[in-house]
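K.L.:
I'm passing along upload-v7.cif; it holds mmCIF, C-alpha atoms.
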data_run
#
loop_
_atom_site.label_atom_id
_atom_site.label_comp_id
_atom_site.auth_asym_id
_atom_site.auth_seq_id
_atom_site.Cartn_x
_atom_site.Cartn_y
_atom_site.Cartn_z
CA MET A 788 228.53 208.73 3.02
CA ALA A 789 225.47 210.91 3.50
CA GLN A 790 222.13 209.31 2.79
CA LYS A 791 220.57 210.40 -0.49
CA LYS A 792 217.59 212.74 -0.53
CA LYS A 793 214.78 210.70 -2.08
CA ILE A 794 212.10 212.61 -3.96
CA ASN A 795 209.16 212.19 -6.29
CA LEU A 796 208.64 214.63 -9.14
CA ALA A 797 205.31 216.10 -10.24
CA LEU A 798 205.76 217.66 -13.68
CA GLN A 799 203.17 220.10 -15.02
CA GLY A 800 202.14 220.49 -18.64
CA GLY A 801 202.33 223.77 -20.51
CA GLY A 802 203.40 223.17 -24.09
CA ALA A 803 206.82 224.52 -25.04
CA HIS A 804 207.08 226.10 -21.57
CA GLY A 805 207.98 222.55 -20.48
CA ALA A 806 211.53 223.51 -21.45
CA PHE A 807 211.67 225.16 -18.01
CA THR A 808 211.17 221.69 -16.53
CA TRP A 809 214.00 220.38 -18.71
CA GLY A 810 216.34 222.84 -16.99
CA VAL A 811 215.07 221.85 -13.53
CA LEU A 812 215.55 218.16 -14.27
CA GLU A 813 219.04 218.68 -15.63
CA ARG A 814 220.14 220.38 -12.41
CA LEU A 815 218.53 217.71 -10.20
CA LEU A 816 220.14 214.93 -12.24
CA GLN A 817 223.56 216.52 -11.72
CA ASP A 818 223.19 216.33 -7.94
CA ASP A 819 224.65 213.10 -6.56
CA ASP A 820 222.73 213.57 -3.30
CA ILE A 821 219.30 213.53 -5.00
CA GLU A 822 217.53 210.29 -5.93
CA ILE A 823 214.41 210.50 -8.13
CA CYS A 824 212.11 207.61 -7.20
CA GLY A 825 208.81 208.45 -8.88
CA ILE A 826 207.56 210.79 -11.60
CA SER A 827 204.02 211.90 -12.39
CA GLY A 828 203.74 213.96 -15.56
CA THR A 829 201.11 215.54 -17.74
CA SER A 830 201.42 216.81 -21.32
CA ALA A 831 204.91 218.36 -21.65
CA GLY A 832 205.59 216.97 -18.17
CA ALA A 833 204.77 213.50 -19.50
CA LEU A 834 207.23 213.89 -22.36
CA ASN A 835 209.91 215.14 -19.97
CA GLY A 836 209.24 212.24 -17.61
CA ALA A 837 209.37 209.64 -20.37
CA ALA A 838 212.60 211.09 -21.81
CA LEU A 839 214.20 211.13 -18.35
CA LYS A 840 213.11 207.56 -17.59
CA ALA A 841 214.29 206.08 -20.90
CA GLY A 842 217.65 207.84 -20.70
CA PHE A 843 218.12 206.94 -17.04
CA VAL A 844 217.50 203.24 -17.67
CA GLU A 845 220.03 203.32 -20.50
CA ASN A 846 222.85 205.27 -18.86
CA GLY A 847 221.90 206.70 -15.46
CA PRO A 848 221.76 210.47 -14.85
CA LYS A 849 224.00 211.21 -17.86
CA GLY A 850 221.72 209.23 -20.14
CA ALA A 851 218.68 211.06 -18.78
CA GLN A 852 220.28 214.47 -19.40
CA ASP A 853 221.26 213.48 -22.94
CA ASN A 854 217.77 212.21 -23.72
CA LEU A 855 216.12 215.37 -22.42
CA ALA A 856 218.45 217.49 -24.57
CA TRP A 857 217.54 215.32 -27.57
CA LEU A 858 213.81 215.75 -26.87
CA TRP A 859 213.94 219.55 -26.74
CA GLY A 860 216.21 219.69 -29.74
CA GLN A 861 213.51 217.80 -31.62
CA VAL A 862 210.75 220.08 -30.30
CA SER A 863 212.63 223.25 -31.24
CA GLY A 864 213.96 221.93 -34.52
CA VAL A 865 217.50 222.95 -33.49
CA SER A 866 220.07 220.21 -33.04
CA ASP A 867 222.44 222.37 -30.96
CA MET A 868 220.67 224.67 -28.48
CA ARG A 869 223.88 226.68 -28.02
CA LEU A 870 223.09 228.27 -31.37
CA THR A 871 220.18 230.14 -29.78
CA HIS A 872 222.19 232.19 -27.28
CA TRP A 873 222.28 235.18 -29.64
CA MET A 874 218.58 235.71 -28.85
CA ALA A 875 219.26 236.38 -25.16
CA PRO A 876 219.58 240.21 -25.36
CA PHE A 877 216.04 240.51 -26.74
CA GLY A 878 214.44 238.90 -23.67
CA VAL A 879 211.74 236.21 -23.67
CA GLY A 880 209.01 238.75 -22.90
CA ALA A 881 209.72 240.68 -26.10
CA VAL A 882 209.84 237.50 -28.15
CA SER A 883 206.59 236.30 -26.59
CA GLN A 884 204.86 239.57 -27.46
CA ALA A 885 206.16 239.44 -31.02
CA LEU A 886 204.99 235.86 -31.53
CA GLU A 887 201.57 236.68 -30.13
CA ASN A 888 201.06 239.37 -32.77
CA VAL A 889 202.48 237.72 -35.89
CA MET A 890 199.96 236.78 -38.57
CA PRO A 891 200.48 232.98 -38.63
CA PHE A 892 199.84 232.66 -34.89
CA THR A 893 196.86 235.03 -34.80
CA MET A 894 195.25 233.23 -37.74
CA THR A 895 195.84 229.79 -36.23
CA ASP A 896 194.56 230.96 -32.85
CA ALA A 897 191.41 232.40 -34.43
CA MET A 898 190.80 229.28 -36.52
CA SER A 899 191.04 227.04 -33.44
CA GLN A 900 187.94 228.78 -32.06
CA PHE A 901 185.86 227.98 -35.14
CA VAL A 902 187.47 225.04 -36.95
CA SER A 903 187.71 221.55 -35.47
CA PRO A 904 190.91 219.54 -35.96
CA TYR A 905 188.61 216.94 -37.54
CA SER A 906 187.94 219.38 -40.39
CA TYR A 907 191.42 219.05 -41.89
CA GLY A 908 190.83 215.58 -43.33
CA PRO A 909 193.95 214.09 -44.95
CA PHE A 910 195.93 217.27 -44.20
CA TYR A 911 195.73 216.72 -40.43
CA ARG A 912 198.87 215.74 -38.56
CA ASN A 913 200.09 215.81 -34.97
CA PRO A 914 203.67 217.14 -34.98
CA LEU A 915 204.45 215.37 -31.70
CA GLU A 916 203.76 211.94 -33.19
CA ASP A 917 207.08 211.67 -35.01
CA ILE A 918 208.93 212.54 -31.79
CA VAL A 919 207.17 210.27 -29.29
CA LYS A 920 207.33 207.27 -31.63
CA ARG A 921 211.11 207.46 -31.40
CA PHE A 922 211.13 206.90 -27.63
CA ASP A 923 212.47 203.52 -26.46
CA TYR A 924 209.38 202.10 -24.75
CA ASP A 925 211.19 199.05 -23.41
CA ARG A 926 213.05 201.57 -21.25
CA VAL A 927 210.13 203.95 -20.67
CA CYS A 928 207.99 201.05 -19.36
CA ASN A 929 210.80 199.42 -17.37
CA THR A 930 209.84 198.57 -13.78
CA VAL A 931 213.05 199.96 -12.24
CA ALA A 932 213.04 203.39 -10.60
CA PRO A 933 212.08 206.05 -11.27
CA LEU A 934 208.51 204.80 -11.57
CA LEU A 935 206.58 206.76 -14.18
CA PHE A 936 202.91 207.81 -14.23
CA ILE A 937 201.29 209.61 -17.16
CA GLY A 938 197.95 211.44 -16.84
CA ALA A 939 195.27 211.93 -19.53
CA THR A 940 191.57 212.86 -19.48
CA ARG A 941 188.95 210.34 -20.56
CA VAL A 942 186.60 212.29 -22.86
CA ARG A 943 183.50 210.17 -22.27
CA ASN A 944 183.24 210.63 -18.51
CA GLY A 945 185.73 213.42 -17.79
CA LYS A 946 187.75 211.29 -15.38
CA ILE A 947 191.50 211.03 -15.15
CA LYS A 948 193.31 208.04 -16.57
CA VAL A 949 196.77 207.31 -15.22
CA PHE A 950 199.02 205.21 -17.43
CA SER A 951 201.90 203.31 -15.85
CA GLY A 952 204.18 200.40 -16.64
CA ASP A 953 203.36 198.60 -19.88
CA GLU A 954 200.36 200.90 -20.45
CA ILE A 955 202.67 203.76 -21.40
CA SER A 956 202.95 204.00 -25.17
CA SER A 957 203.30 206.66 -27.85
CA ASP A 958 199.50 206.93 -27.83
CA ALA A 959 199.48 207.47 -24.04
CA LEU A 960 201.97 210.34 -24.38
CA LEU A 961 200.02 211.87 -27.26
CA ALA A 962 196.81 211.55 -25.23
CA SER A 963 198.40 213.34 -22.27
CA ALA A 964 199.34 216.26 -24.56
CA CYS A 965 196.15 216.34 -26.65
CA LEU A 966 194.65 219.84 -26.61
CA PRO A 967 191.20 219.25 -28.13
CA THR A 968 191.10 222.53 -30.07
CA VAL A 969 194.36 221.63 -31.81
CA PHE A 970 194.56 217.84 -31.99
CA LYS A 971 192.15 214.98 -32.62
CA ALA A 972 191.38 212.90 -29.53
CA ILE A 973 193.62 209.87 -29.09
CA GLU A 974 191.56 206.68 -29.17
CA MET A 975 192.70 203.42 -27.60
CA ASP A 976 191.44 200.44 -25.63
CA ASP A 977 191.19 201.17 -21.92
CA PRO A 978 191.44 198.11 -19.65
CA ASP A 979 190.03 200.17 -16.77
CA THR A 980 186.66 200.51 -18.51
CA GLY A 981 186.79 197.52 -20.84
CA GLN A 982 186.03 199.61 -23.91
CA ARG A 983 187.64 201.83 -26.50
CA GLU A 984 188.01 205.36 -25.14
CA ALA A 985 189.00 208.77 -26.47
CA PHE A 986 191.45 210.88 -24.47
CA TRP A 987 192.31 214.57 -24.20
CA ASP A 988 195.05 216.49 -22.41
CA GLY A 989 195.64 215.34 -18.84
CA GLY A 990 195.82 218.92 -17.61
CA TYR A 991 192.03 219.09 -17.32
CA THR A 992 191.94 216.45 -14.58
CA GLY A 993 195.45 216.33 -13.14
CA ASN A 994 198.23 218.78 -13.89
CA PRO A 995 199.93 216.69 -12.74
CA ALA A 996 198.18 213.98 -10.72
CA LEU A 997 199.76 213.70 -7.27
CA PHE A 998 197.88 210.67 -5.93
CA PRO A 999 199.94 208.05 -7.84
CA LEU A 1000 202.93 209.27 -5.82
CA PHE A 1001 201.28 208.42 -2.49
CA ASP A 1002 202.35 204.77 -2.83
CA SER A 1003 203.93 203.37 0.34
CA ASP A 1004 206.99 202.24 -1.65
CA LEU A 1005 207.73 205.83 -2.70
CA PRO A 1006 209.21 208.62 -0.54
CA ASP A 1007 206.98 211.19 1.16
CA ASP A 1008 208.59 214.21 -0.53
CA ILE A 1009 206.96 215.51 -3.72
CA VAL A 1010 208.71 218.23 -5.71
CA ILE A 1011 206.23 219.99 -8.01
CA VAL A 1012 207.72 221.70 -11.05
CA ASN A 1013 205.15 224.41 -11.70
CA ILE A 1014 205.09 226.15 -15.09
CA ASN A 1015 201.58 227.65 -15.03
CA PRO A 1016 201.61 230.80 -12.85
CA LEU A 1017 199.42 230.44 -9.78
CA GLU A 1018 199.11 234.23 -9.62
CA ARG A 1019 199.14 237.07 -12.15
CA ALA A 1020 199.11 240.62 -10.79
CA GLU A 1021 197.73 242.27 -13.92
CA ILE A 1022 194.16 241.86 -15.12
CA PRO A 1023 194.04 240.18 -18.56
CA ARG A 1024 192.53 242.56 -21.13
CA THR A 1025 193.16 241.28 -24.65
CA PRO A 1026 191.30 238.20 -25.95
CA GLN A 1027 194.57 236.24 -25.96
CA GLN A 1028 195.44 237.27 -22.41
CA ILE A 1029 191.96 236.37 -21.16
CA GLN A 1030 192.00 232.96 -22.83
CA ASN A 1031 195.53 232.28 -21.59
CA ARG A 1032 194.56 233.08 -17.98
CA VAL A 1033 191.40 230.96 -18.26
CA ASN A 1034 193.58 228.05 -19.38
CA GLU A 1035 196.08 228.62 -16.56
CA ILE A 1036 193.34 228.69 -13.93
CA SER A 1037 191.71 225.59 -15.43
CA PHE A 1038 194.97 223.67 -15.62
CA ASN A 1039 196.00 224.64 -12.09
CA SER A 1040 192.63 223.80 -10.50
CA SER A 1041 193.17 220.04 -10.29
CA LEU A 1042 196.61 220.52 -8.71
CA LEU A 1043 195.23 222.98 -6.17
CA ARG A 1044 192.44 220.53 -5.25
CA GLU A 1045 194.97 217.82 -4.48
CA LEU A 1046 197.16 220.24 -2.51
CA ARG A 1047 194.13 221.34 -0.52
CA ALA A 1048 193.37 217.69 0.29
CA ILE A 1049 196.96 217.21 1.45
CA GLU A 1050 196.72 220.32 3.61
CA PHE A 1051 193.48 218.99 5.15
CA VAL A 1052 195.09 215.65 6.01
CA GLN A 1053 198.09 217.46 7.51
CA ARG A 1054 195.77 219.37 9.83
CA LEU A 1055 194.08 216.13 10.91
CA LEU A 1056 197.49 214.65 11.67
CA ASP A 1057 198.66 217.76 13.53
CA ASP A 1058 195.65 217.90 15.85
CA GLY A 1059 195.63 214.14 16.46
CA THR A 1060 192.29 213.49 14.77
CA VAL A 1061 193.96 210.87 12.57
CA ASN A 1062 196.71 208.51 13.66
CA THR A 1063 199.97 208.90 11.73
CA GLY A 1064 199.97 205.16 11.13
CA ARG A 1065 196.83 205.45 8.99
CA MET A 1066 197.82 208.35 6.73
CA ALA A 1067 201.19 209.45 5.37
CA ARG A 1068 202.53 212.91 6.04
CA VAL A 1069 203.31 214.10 2.51
CA ARG A 1070 205.96 216.79 2.29
CA VAL A 1071 205.41 219.26 -0.56
CA HIS A 1072 208.04 221.33 -2.35
CA MET A 1073 207.76 223.50 -5.45
CA ILE A 1074 210.18 224.79 -8.08
CA ALA A 1075 208.78 227.65 -10.14
CA ASP A 1076 209.53 231.06 -11.64
CA ASP A 1077 206.20 232.86 -11.77
CA ASP A 1078 207.86 236.19 -12.60
CA LEU A 1079 209.29 234.75 -15.80
CA MET A 1080 206.16 232.81 -16.73
CA ALA A 1081 204.03 235.93 -16.26
CA LYS A 1082 206.02 237.58 -19.08
CA LEU A 1083 205.10 234.78 -21.48
CA SER A 1084 201.89 234.03 -23.31
CA VAL A 1085 200.00 231.22 -24.97
CA ALA A 1086 202.01 231.96 -28.13
CA THR A 1087 205.24 230.69 -26.59
CA LYS A 1088 203.41 227.60 -25.36
CA MET A 1089 202.19 226.75 -28.84
CA VAL A 1090 205.12 227.96 -30.97
CA PRO A 1091 208.38 226.15 -30.05
CA HIS A 1092 210.73 229.09 -30.56
CA ALA A 1093 214.31 227.92 -30.06
CA GLY A 1094 215.44 231.10 -28.34
CA VAL A 1095 212.60 230.99 -25.83
CA ILE A 1096 213.14 227.28 -25.20
CA ASN A 1097 216.81 227.92 -24.45
CA ALA A 1098 215.93 230.80 -22.08
CA LEU A 1099 213.36 228.65 -20.29
CA HIS A 1100 215.87 225.82 -19.92
CA GLU A 1101 218.40 228.19 -18.33
CA ALA A 1102 215.71 229.65 -16.05
CA GLY A 1103 214.65 226.19 -14.92
CA TYR A 1104 218.24 225.25 -14.15
CA ALA A 1105 218.67 228.44 -12.09
CA ALA A 1106 215.37 227.87 -10.26
CA ALA A 1107 216.43 224.35 -9.28
CA GLU A 1108 219.81 225.67 -8.11
CA LYS A 1109 218.03 228.26 -5.97
CA PHE A 1110 215.65 225.64 -4.56
CA LEU A 1111 218.47 223.29 -3.57
CA ALA A 1112 220.42 226.09 -1.92
CA ALA A 1113 217.41 227.12 0.16
CA HIS A 1114 215.60 223.84 0.81
CA ARG A 1115 217.97 220.88 0.44
CA ASP A 1116 217.79 220.23 4.21
CA ASP A 1117 213.98 220.38 4.13
CA ILE A 1118 213.79 217.30 1.92
CA GLY A 1119 213.01 214.34 4.15
CA ASN A 1120 212.11 216.62 7.07
CA VAL A 1121 209.49 219.31 6.39
CA SER A 1122 207.48 220.79 3.55
CA SER A 1123 209.05 223.88 2.01
CA VAL A 1124 205.63 224.96 0.68
CA ASP A 1125 203.42 226.58 3.32
CA LEU A 1126 200.10 224.98 2.36
CA PRO A 1127 198.00 226.74 5.03
CA GLU A 1128 199.32 230.08 3.77
CA MET A 1129 198.64 229.08 0.16
CA PHE A 1130 194.96 228.50 0.92
CA ASN A 1131 194.52 231.33 3.41
#
Could the structure of this file be written out as structure tokens, please?
P.N.:
Amino acid sequence: MAQKKKINLALQGGGAHGAFTWGVLERLLQDDDIEICGISGTSAGALNGAALKAGFVENGPKGAQDNLAWLWGQVSGVSDMRLTHWMAPFGVGAVSQALENVMPFTMTDAMSQFVSPYSYGPFYRNPLEDIVKRFDYDRVCNTVAPLLFIGATRVRNGKIKVFSGDEISSDALLASACLPTVFKAIEMDDPDTGQREAFWDGGYTGNPALFPLFDSDLPDDIVIVNINPLERAEIPRTPQQIQNRVNEISFNSSLLRELRAIEFVQRLLDDGTVNTGRMARVRVHMIADDDLMAKLSVATKMVPHAGVINALHEAGYAAAEKFLAAHRDDIGNVSSVDLPEMFN
């Protein structure tokens, strides 16, 4: 029997665009030759990671797939995602454009620039709360593989907080997905600082954080599921396009910093400056569909449209299929991402 390809997963946040990651995970879970050992997730990536972990502990890969389908059914408000296939002929780009221009979204988007979520008083609610409270945290926090790490941003000092093991709770998941213009900060006791802290979305400091996956007990291959385009060919011109690109750049910056650090260490190892016994040679892989994501906007991140979620799921599945066909043999051997070229 061939030895399994052991990987860690780094799952980006991006609101409802995280349905792309759902499709990627479903395809990876269907592959008997792939073993997921560690997961680092932020925002939507954190929810995907927690759903996968809880389902996997309950019933292996099948349980993980079922739990992910349940999660995105809850997010979209549609119990059977097959009902959304009739939207396919319209294309996600057209739907995204339509959502961006409808009155409810434009009003909500404008209000978020001037009205704090603290202004809503008793009318405030976080729609994710009802979903994450239904996770089985005995399974989410279980110490068996895959190990799970959840990133959030500590408001007081702007540093990343990584939740793992028993620290992962519904509040930790809500903190990881807490956009400050939309949701109130999540407050909880932080044993790292010894005081009560407020937390915002983890994307500001780690989208996702890679360093928890450098543990010696975990494999050296990290597969990043990227849902925020690294490049956009067209110059943003409308206020929404400009703000969306600012957010993408901001949320990609922490990931790019960590990748640059990895690339620097690789060069030190290659030229013999550092002994391989002192630093691990991390192998980096990436699953993405920038062409698709470039057609979407902040509207489809914030509005969980069932048709778009279904299309993203199918695109993620196809992207994972393409990755495995091209780079299965690279896992455990070489990086399939050319880091020097990325930073050239």
K.L.:
Determine the residue membership of the PyMOL selection byres ((chain A and resi 934-937) around 10) for the file above and supply it as a PyMOL selection string.
P.N.:
chain A and resi 795-798+823-830+832-834+836-837+839-840+927-933+938-939+948-952+954-956+959-960+962-963+989+993+995-997+999-1000+1005
K.L.:
Name the closest residue to Phe1038 (chain A) among the candidates A:Leu1055, A:Ile1014, A:Val1121, A:Ala1093; distances are taken between atoms, counting all atoms listed in the file.
P.N.:
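Smallest distance to Phe1038 (chain A) is found for A:Ile1014.
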K.L.:
Do you know which residues are at most 6 Å from region 1041-1053 of chain A counting all atoms listed in the file, after dropping those on the same chain fewer than 2 positions away, and could you put them as a PyMOL selection string?
P.N.:
chain A and resi 992-994+1039+1055-1056+1126
K.L.:
Between CA of Phe986 (chain A) and CA of Ile973 (chain A), what is the spacing in Å?
P.N.:
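Interatomic distance here is 5.2 Å.
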K.L.:
To one decimal in Å, tell me the separation between CA of Ala1105 (chain A) and CA of Phe807 (chain A).
P.N.:
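Rounded to one decimal, the two atoms are 9.7 Å apart.
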K.L.:
Take the PyMOL selection byres ((chain A and resi 813) around 9), run it mentally on this structure, and tell me the resulting residues as a list in words.
P.N.:
Thr808, Trp809, Gly810, Val811, Leu812, Arg814, Leu815, Leu816, Gln817, Pro848, Ala851, Gln852, Leu855, His1100, Gly1103, Tyr1104 and Ala1107 of chain A
K.L.:
Given all atoms listed in the file as the basis, pick out the residue of A:His804, A:Arg912, A:His1072, A:Lys792 nearest to Thr1087 (chain A).
P.N.:
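Nearest candidate to Thr1087 (chain A) out of A:His804, A:Arg912, A:His1072, A:Lys792: A:His804.
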K.L.:
Met1073 (chain A): which residues within 7 Å, counting all atoms listed in the file, same-chain residues fewer than 3 positions away excluded, as a PyMOL selection string?
P.N.:
chain A and resi 1010-1013+1124
K.L.:
Neighbouring residues of Ala803 (chain A) were defined as those with any atom within 8 Å, considering all atoms listed in the file; residues of the same chain fewer than 5 positions away were excluded. Please report them as a list in words.
P.N.:
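Selected residues are Ala831, Val862, Thr1087, Lys1088, Met1089, Val1090, Pro1091 and Ile1096 of chain A.
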K.L.:
Distance CA of Glu1101 (chain A)-CA of Ala806 (chain A), one decimal place?
P.N.:
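Separation between CA of Glu1101 (chain A) and CA of Ala806 (chain A): 8.9 Å.
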K.L.:
Please write the residues picked by the PyMOL selection byres ((chain A and resi 920) around 10) on this file as an mmCIF file with C-alpha atoms, in the coordinates of the input.
P.N.:
data_model
loop_
_atom_site.group_PDB
_atom_site.id
_atom_site.type_symbol
_atom_site.label_atom_id
_atom_site.label_comp_id
_atom_site.auth_asym_id
_atom_site.auth_seq_id
_atom_site.Cartn_x
_atom_site.Cartn_y
_atom_site.Cartn_z
ATOM 1 C CA LEU A 915 204.450 215.370 -31.700
ATOM 2 C CA GLU A 916 203.760 211.940 -33.190
ATOM 3 C CA ASP A 917 207.080 211.670 -35.010
ATOM 4 C CA ILE A 918 208.930 212.540 -31.790
ATOM 5 C CA VAL A 919 207.170 210.270 -29.290
ATOM 6 C CA ARG A 921 211.110 207.460 -31.400
ATOM 7 C CA PHE A 922 211.130 206.900 -27.630
ATOM 8 C CA ASP A 923 212.470 203.520 -26.460
ATOM 9 C CA TYR A 924 209.380 202.100 -24.750
ATOM 10 C CA SER A 956 202.950 204.000 -25.170
ATOM 11 C CA SER A 957 203.300 206.660 -27.850
ATOM 12 C CA ASP A 958 199.500 206.930 -27.830
ATOM 13 C CA LEU A 960 201.970 210.340 -24.380
ATOM 14 C CA LEU A 961 200.020 211.870 -27.260
#
K.L.:
Within 10 Å of Asp1117 (chain A), counting all atoms listed in the file, which residues qualify if same-chain residues fewer than 6 places away don't, as a PyMOL selection string?
P.N.:
chain A and resi 792+1008+1070-1072+1111+1123
